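**Student:** I'm passing along target-v2.pdb; it holds PDB, C-alpha atoms.
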```
ATOM      1  CA  MET A  19     103.835  84.127  79.441
ATOM      2  CA  PRO A  20     101.158  86.729  80.041
ATOM      3  CA  ASP A  21     102.187  90.316  79.389
ATOM      4  CA  ASP A  22      99.222  91.707  81.301
ATOM      5  CA  TYR A  23     100.272  90.166  84.625
ATOM      6  CA  LEU A  24     103.793  91.446  85.243
ATOM      7  CA  ASP A  25     106.354  93.112  82.977
ATOM      8  CA  ALA A  26     109.691  91.320  83.386
ATOM      9  CA  ASP A  27     111.719  93.986  81.562
ATOM     10  CA  ALA A  28     110.251  96.799  83.643
ATOM     11  CA  ILE A  29     110.964  94.877  86.857
ATOM     12  CA  CYS A  30     114.600  94.401  85.838
ATOM     13  CA  ARG A  31     114.892  98.112  85.017
ATOM     14  CA  SER A  32     113.474  99.299  88.330
ATOM     15  CA  THR A  33     114.867  96.739  90.797
ATOM     16  CA  PHE A  34     118.130  94.945  91.508
ATOM     17  CA  VAL A  35     117.100  91.703  89.759
ATOM     18  CA  ARG A  36     119.062  91.038  86.584
ATOM     19  CA  SER A  37     116.774  88.433  85.022
ATOM     20  CA  ALA A  38     113.086  87.590  85.396
ATOM     21  CA  GLU A  39     110.661  84.884  84.335
ATOM     22  CA  ILE A  40     106.917  85.514  84.452
ATOM     23  CA  HIS A  41     104.736  82.418  84.121
ATOM     24  CA  ASP A  42     101.034  81.887  83.690
ATOM     25  CA  THR A  43     101.004  78.753  85.879
ATOM     26  CA  LEU A  44     103.686  76.989  87.909
ATOM     27  CA  GLY A  45     103.616  74.272  90.492
ATOM     28  CA  SER A  46     105.948  76.310  92.695
ATOM     29  CA  THR A  47     107.980  79.442  92.017
ATOM     30  CA  ASN A  48     110.553  78.214  94.545
ATOM     31  CA  ASP A  49     110.951  74.939  92.634
ATOM     32  CA  ARG A  50     111.520  76.812  89.377
ATOM     33  CA  ALA A  51     113.926  79.147  91.180
ATOM     34  CA  ALA A  52     115.859  76.102  92.425
ATOM     35  CA  GLU A  53     116.174  74.892  88.824
ATOM     36  CA  LEU A  54     117.517  78.294  87.771
ATOM     37  CA  SER A  55     119.964  78.293  90.693
ATOM     38  CA  ARG A  56     121.653  75.212  89.216
ATOM     39  CA  ASP A  57     122.021  76.805  85.776
ATOM     40  CA  PRO A  58     125.404  78.566  85.559
ATOM     41  CA  HIS A  59     124.003  80.844  82.830
ATOM     42  CA  THR A  60     121.295  82.320  85.065
ATOM     43  CA  GLU A  61     122.022  85.973  85.736
ATOM     44  CA  LEU A  62     121.537  86.685  89.445
ATOM     45  CA  PRO A  63     119.629  87.978  91.264
ATOM     46  CA  ALA A  64     116.842  86.278  89.331
ATOM     47  CA  LEU A  65     113.078  86.564  89.761
ATOM     48  CA  VAL A  66     110.444  83.913  89.122
ATOM     49  CA  ALA A  67     106.785  84.932  89.379
ATOM     50  CA  ALA A  68     103.559  83.143  88.465
ATOM     51  CA  ARG A  69      99.975  84.209  87.940
ATOM     52  CA  THR A  70      98.788  80.970  89.544
ATOM     53  CA  GLN A  71     100.650  78.447  91.668
ATOM     54  CA  THR A  72      99.289  74.935  92.112
ATOM     55  CA  MET A  73     101.797  73.224  94.428
ATOM     56  CA  GLY A  74     103.181  76.067  96.521
ATOM     57  CA  ARG A  75     104.188  75.398 100.081
ATOM     58  CA  GLY A  76     104.864  77.136 103.345
ATOM     59  CA  ARG A  77     106.783  75.954 106.359
ATOM     60  CA  GLY A  78     106.410  72.313 107.324
ATOM     61  CA  THR A  79     103.420  70.701 105.626
ATOM     62  CA  ASN A  80     101.559  73.960 104.995
ATOM     63  CA  LYS A  81     100.309  74.676 101.475
ATOM     64  CA  TRP A  82     100.241  78.017  99.706
ATOM     65  CA  LEU A  83      97.879  77.966  96.762
ATOM     66  CA  ALA A  84      97.685  81.073  94.646
ATOM     67  CA  GLY A  85      94.945  81.935  92.217
ATOM     68  CA  GLU A  86      94.126  84.797  89.909
ATOM     69  CA  GLY A  87      94.986  88.142  91.490
ATOM     70  CA  SER A  88      97.501  86.821  93.995
ATOM     71  CA  LEU A  89     101.222  87.415  93.953
ATOM     72  CA  THR A  90     103.721  84.564  94.096
ATOM     73  CA  LEU A  91     107.376  85.252  93.527
ATOM     74  CA  SER A  92     110.799  83.842  94.276
ATOM     75  CA  VAL A  93     114.138  85.628  94.124
ATOM     76  CA  VAL A  94     117.368  83.656  93.672
ATOM     77  CA  LEU A  95     120.438  85.232  95.253
ATOM     78  CA  ASN A  96     124.100  84.414  95.511
ATOM     79  CA  PRO A  97     124.886  84.986  99.214
ATOM     80  CA  ARG A  98     128.538  85.703  98.372
ATOM     81  CA  ASP A  99     127.450  88.696  96.273
ATOM     82  CA  LEU A 100     125.796  90.081  99.412
ATOM     83  CA  GLY A 101     128.714  89.278 101.698
ATOM     84  CA  LEU A 102     126.394  86.925 103.575
ATOM     85  CA  PRO A 103     128.014  83.828 105.149
ATOM     86  CA  VAL A 104     126.099  80.565 104.693
ATOM     87  CA  ASP A 105     125.553  80.251 108.437
ATOM     88  CA  ARG A 106     123.610  83.523 108.399
ATOM     89  CA  LEU A 107     121.163  82.486 105.668
ATOM     90  CA  PRO A 108     118.339  81.851 108.189
ATOM     91  CA  GLN A 109     118.331  85.607 108.819
ATOM     92  CA  LEU A 110     117.037  86.079 105.283
ATOM     93  CA  SER A 111     113.596  85.038 106.508
ATOM     94  CA  LEU A 112     113.555  87.935 108.966
ATOM     95  CA  ALA A 113     114.869  90.392 106.383
ATOM     96  CA  ALA A 114     112.347  89.265 103.758
ATOM     97  CA  GLY A 115     109.515  89.517 106.271
ATOM     98  CA  ILE A 116     110.460  93.097 107.098
ATOM     99  CA  ALA A 117     110.828  93.935 103.397
ATOM    100  CA  ALA A 118     107.382  92.552 102.534
ATOM    101  CA  PHE A 119     105.901  94.334 105.557
ATOM    102  CA  ASP A 120     107.452  97.643 104.453
ATOM    103  CA  ALA A 121     106.129  97.224 100.914
ATOM    104  CA  LEU A 122     102.594  96.428 102.096
ATOM    105  CA  GLU A 123     102.705  99.245 104.630
ATOM    106  CA  HIS A 124     103.440 101.633 101.767
ATOM    107  CA  GLU A 125     100.666 100.098  99.661
ATOM    108  CA  LEU A 126      97.999 100.209 102.385
ATOM    109  CA  GLY A 127      98.594 103.730 103.680
ATOM    110  CA  GLU A 128      96.415 104.420 106.721
ATOM    111  CA  LEU A 129      95.106 100.847 106.699
ATOM    112  CA  ALA A 130      98.633  99.637 107.481
ATOM    113  CA  LYS A 131      97.829  99.965 111.187
ATOM    114  CA  MET A 132      96.139  96.555 110.781
ATOM    115  CA  LEU A 133      99.359  95.017 109.404
ATOM    116  CA  ALA A 134     101.734  92.904 111.513
ATOM    117  CA  ILE A 135     104.399  90.211 111.269
ATOM    118  CA  LYS A 136     103.966  86.878 113.012
ATOM    119  CA  TRP A 137     107.542  85.716 113.231
ATOM    120  CA  PRO A 138     109.253  84.146 111.526
ATOM    121  CA  ASN A 139     107.349  84.120 108.261
ATOM    122  CA  ASP A 140     103.695  85.249 108.318
ATOM    123  CA  LEU A 141     102.273  88.598 107.266
ATOM    124  CA  ILE A 142      99.097  89.388 109.186
ATOM    125  CA  LEU A 143      96.384  91.850 108.176
ATOM    126  CA  ASN A 144      93.386  92.427 110.440
ATOM    127  CA  ASP A 145      94.241  89.245 112.405
ATOM    128  CA  ALA A 146      94.259  87.096 109.239
ATOM    129  CA  LYS A 147      97.082  85.820 107.027
ATOM    130  CA  VAL A 148      97.764  87.998 103.990
ATOM    131  CA  GLY A 149     101.192  86.662 103.075
ATOM    132  CA  GLY A 150     104.018  84.305 103.847
ATOM    133  CA  ILE A 151     107.752  83.905 103.390
ATOM    134  CA  LEU A 152     109.625  80.684 102.610
ATOM    135  CA  ILE A 153     113.424  80.711 102.460
ATOM    136  CA  GLU A 154     115.138  77.735 100.883
ATOM    137  CA  THR A 155     118.763  77.016 100.106
ATOM    138  CA  ALA A 156     120.112  75.377  96.982
ATOM    139  CA  LEU A 157     123.245  73.764  98.402
ATOM    140  CA  SER A 158     126.304  72.739  96.463
ATOM    141  CA  GLU A 159     129.445  70.752  97.174
ATOM    142  CA  ARG A 160     131.295  74.048  96.870
ATOM    143  CA  PRO A 161     130.125  76.639  99.439
ATOM    144  CA  GLN A 162     130.730  79.446  96.947
ATOM    145  CA  ASP A 163     128.070  77.926  94.675
ATOM    146  CA  CYS A 164     125.340  77.946  97.342
ATOM    147  CA  ARG A 165     122.214  79.881  96.351
ATOM    148  CA  ALA A 166     119.458  81.343  98.520
ATOM    149  CA  ILE A 167     115.827  81.424  97.382
ATOM    150  CA  ILE A 168     113.399  83.916  98.913
ATOM    151  CA  GLY A 169     109.820  82.833  98.259
ATOM    152  CA  ILE A 170     107.044  85.335  98.951
ATOM    153  CA  GLY A 171     103.310  84.819  98.559
ATOM    154  CA  ILE A 172     100.842  87.672  99.054
ATOM    155  CA  ASN A 173      97.070  87.679  98.691
ATOM    156  CA  VAL A 174      96.470  90.872  96.760
ATOM    157  CA  ASN A 175      93.453  90.955  94.437
ATOM    158  CA  ASN A 176      92.279  87.369  94.911
ATOM    159  CA  ARG A 177      89.196  86.396  96.895
ATOM    160  CA  VAL A 178      90.528  84.051  99.537
ATOM    161  CA  ALA A 179      87.058  83.273 100.886
ATOM    162  CA  LYS A 180      86.836  80.883  97.935
ATOM    163  CA  LEU A 181      89.722  78.728  99.168
ATOM    164  CA  GLU A 182      88.799  75.155  99.999
ATOM    165  CA  PRO A 183      88.713  74.460 103.765
ATOM    166  CA  SER A 184      91.547  71.912 103.566
ATOM    167  CA  VAL A 185      93.930  74.675 102.450
ATOM    168  CA  VAL A 186      93.136  77.063 105.296
ATOM    169  CA  GLN A 187      95.699  76.801 108.089
ATOM    170  CA  LYS A 188      95.611  78.033 111.689
ATOM    171  CA  LEU A 189      95.042  81.629 110.622
ATOM    172  CA  PRO A 190      92.177  82.521 108.283
ATOM    173  CA  PRO A 191      93.316  83.994 104.954
ATOM    174  CA  ILE A 192      92.646  87.543 103.774
ATOM    175  CA  SER A 193      93.673  89.631 100.779
ATOM    176  CA  LEU A 194      94.622  93.276 100.436
ATOM    177  CA  CYS A 195      91.590  94.084  98.290
ATOM    178  CA  GLU A 196      89.204  92.594 100.833
ATOM    179  CA  ILE A 197      90.450  95.137 103.376
ATOM    180  CA  SER A 198      91.082  98.142 101.123
ATOM    181  CA  ARG A 199      87.974  97.604  98.958
ATOM    182  CA  ARG A 200      89.981  98.413  95.832
ATOM    183  CA  PRO A 201      92.231  96.617  93.339
ATOM    184  CA  HIS A 202      95.990  96.926  93.745
ATOM    185  CA  ASP A 203      98.751  97.231  91.148
ATOM    186  CA  LEU A 204     100.654  93.929  91.229
ATOM    187  CA  GLN A 205     103.575  95.349  89.249
ATOM    188  CA  ALA A 206     104.041  98.155  91.770
ATOM    189  CA  ILE A 207     103.881  95.763  94.723
ATOM    190  CA  VAL A 208     106.438  93.384  93.175
ATOM    191  CA  CYS A 209     108.870  96.251  92.661
ATOM    192  CA  GLN A 210     108.249  97.590  96.170
ATOM    193  CA  VAL A 211     108.874  94.153  97.700
ATOM    194  CA  ILE A 212     112.056  93.560  95.686
ATOM    195  CA  ASN A 213     113.454  97.023  96.375
ATOM    196  CA  ALA A 214     112.673  96.711 100.078
ATOM    197  CA  THR A 215     114.403  93.304 100.071
ATOM    198  CA  GLU A 216     117.515  94.803  98.539
TER     199      GLU A 216
END
```
Mind turning this structure into structure tokens?
**Tutor:**
Amino acid sequence: MPDDYLDADAICRSTFVRSAEIHDTLGSTNDRAAELSRDPHTELPALVAARTQTMGRGRGTNKWLAGEGSLTLSVVLNPRDLGLPVDRLPQLSLAAGIAAFDALEHELGELAKMLAIKWPNDLILNDAKVGGILIETALSERPQDCRAIIGIGINVNNRVAKLEPSVVQKLPPISLCEISRRPHDLQAIVCQVINATE
């Protein structure tokens, strides 16, 4: 687990997550989050983040590949702890979209005027896709054991022009650094996104 990517202890100290895993490479942070959701010893809310993601996905058949400099994270929640009925879980996608928007708006400053949300789950920057949200539910036979997983992918310091054409969806990809012309602090953005989500 790389200590120069994200600091799990610092994230737990400055956000509402109680446990965090930071990986060098994962197929999908949402898949790992689903595994943690089935472990009764996992302290929730729990964060899973990865430096690179090789089998990430968006809605439908869309892919979300993440390379060096991007941000991929999943937060596992117990809806009961939030007083959120299971039938309202789809609203998490809207809430997470607003939270990610707010965090990026803070990060971009004056450049945030180019930022928008394409409902229900795309973050748009300068008419290109900078991020996406994927909400999944880990169901259980007992409704009280249901878990919600908020997956967020954001192109931050990666060069998305290098993505293979087969990965590019309807919207062209873009990253924060390609618009701002500067590197961004991934640790700060993770904490901003999580705190805005809370």
**Student:** Enumerate, as a compact mmCIF listing (two decimals) with C-alpha atoms, keeping the file's coordinate frame, the residues matched when the PyMOL selection byres ((chain A and resi 39-47) around 7) is run on the file above.
**Tutor:**
```
# COMPACT_ATOMS: atom_id res chain seq x y z
CA MET A 19 103.84 84.13 79.44
CA PRO A 20 101.16 86.73 80.04
CA LEU A 24 103.79 91.45 85.24
CA ALA A 26 109.69 91.32 83.39
CA ALA A 38 113.09 87.59 85.40
CA ASN A 48 110.55 78.21 94.54
CA ASP A 49 110.95 74.94 92.63
CA ARG A 50 111.52 76.81 89.38
CA ALA A 51 113.93 79.15 91.18
CA LEU A 65 113.08 86.56 89.76
CA VAL A 66 110.44 83.91 89.12
CA ALA A 67 106.78 84.93 89.38
CA ALA A 68 103.56 83.14 88.46
CA ARG A 69 99.98 84.21 87.94
CA THR A 70 98.79 80.97 89.54
CA GLN A 71 100.65 78.45 91.67
CA THR A 72 99.29 74.94 92.11
CA MET A 73 101.80 73.22 94.43
CA GLY A 74 103.18 76.07 96.52
CA THR A 90 103.72 84.56 94.10
CA LEU A 91 107.38 85.25 93.53
CA SER A 92 110.80 83.84 94.28
```
**Student:** Given the file shown, determine the residues that the PyMOL selection byres ((chain A and resi 120-126) around 10) selects; report them as a ChimeraX atom specification.
**Tutor:** /A:114-119,127-134,141,143,148-149,172,174,194-195,197-198,202-203,206-215
**Student:** Using only C-alpha atoms, which of the listed residues (A:Asp140, A:Asp99, A:Asp27, A:Glu216) sits closest to Arg165 of chain A?
**Tutor:** A:Asp99
**Student:** Counting only C-alpha atoms, figure out which residue out of A:Val178, A:Leu189, A:Cys164, A:Ile29 gets nearest to Asp105 of chain A.
**Tutor:**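 Closest candidate: A:Cys164.
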**Student:** The PyMOL selection byres ((chain A and resi 151) around 7) - which residues does that actually catch in the file I just gave you? List them as a list in words.
**Tutor:**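 That selection, the PyMOL selection byres ((chain A and resi 151) around 7), comes back as Ser111, Gly115, Asn139, Asp140, Gly150, Leu152, Ile153, Gly169, Ile170 and Gly171 of chain A.
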**Student:** Please write as a list in words the list of polymer residues whose atoms come within 6 Å of (95.8, 85.1, 103.7), counting all atoms listed in the file and keeping to the coordinates of the file.
**Tutor:**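 The residues that fall inside the cut-off are Lys147, Val148, Gly149, Asn173, Pro191, Ile192 and Ser193 of chain A.
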**Student:** To one decimal place in Å, what is the distance between atom CA of Arg36 of chain A and atom CA of Gly101 of chain A?
**Tutor:**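 Between these atoms lies a distance of 18.0 Å.
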**Student:** Between atom CA of Arg200 of chain A and atom CA of Val35 of chain A, what distance in Å does the model show, to one decimal?
**Tutor:**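 These atoms are spaced 28.6 Å apart.
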**Student:** Identify the residues around (91.6, 81.1, 89.7) within a radius of 9 Å, measuring from all atoms listed in the file in the coordinates stated by the file, and give them as a list of chain:residue names.
**Tutor:**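 Selection result: A:Thr70, A:Ala84, A:Gly85, A:Glu86, A:Gly87, A:Asn176.
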**Student:** Which centre and which edge lengths, in Å to one decimal, describe the axis-aligned box that holds all listed atoms of segment 146-149 of chain A after 4 Å is added on each side, as lines of an AutoDock Vina configuration file?
**Tutor:**
```
center_x = 97.7
center_y = 86.9
center_z = 106.2
size_x = 14.9
size_y = 10.2
size_z = 14.2
```
**Student:** Pick from A:Asn144, A:Asn175, A:Thr60, A:Ser88: nearest to Ser37 of chain A, with all atoms listed in the file counted?
**Tutor:**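 Nearest to Ser37 of chain A: A:Thr60.
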**Student:** My list of candidates is A:Ala52, A:Ala28, A:Arg177, A:Glu154. Which is closest to Val104 of chain A when distances are computed with only C-alpha atoms?
**Tutor:**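 When distances to Val104 of chain A are compared using only C-alpha atoms, the smallest one comes from A:Glu154.
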**Student:** State, in Å with one decimal place, the distance from atom CA of Leu102 of chain A to atom CA of Glu53 of chain A.
**Tutor:**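 Between these atoms lies a distance of 21.6 Å.
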**Student:** Have a look at A:Thr33, A:Arg199, A:Ile168, A:Ile135 and name the one nearest to Asn96 of chain A; count all atoms listed in the file.
**Tutor:**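 Residue with the minimum atom-to-atom distance to Asn96 of chain A: A:Ile168.
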**Student:** Find the residue from A:Pro63, A:Pro97, A:Pro201, A:Pro190 that sits nearest to Ala166 of chain A; use only C-alpha atoms when measuring.
**Tutor:**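 Closest residue, counting only C-alpha atoms: A:Pro97.
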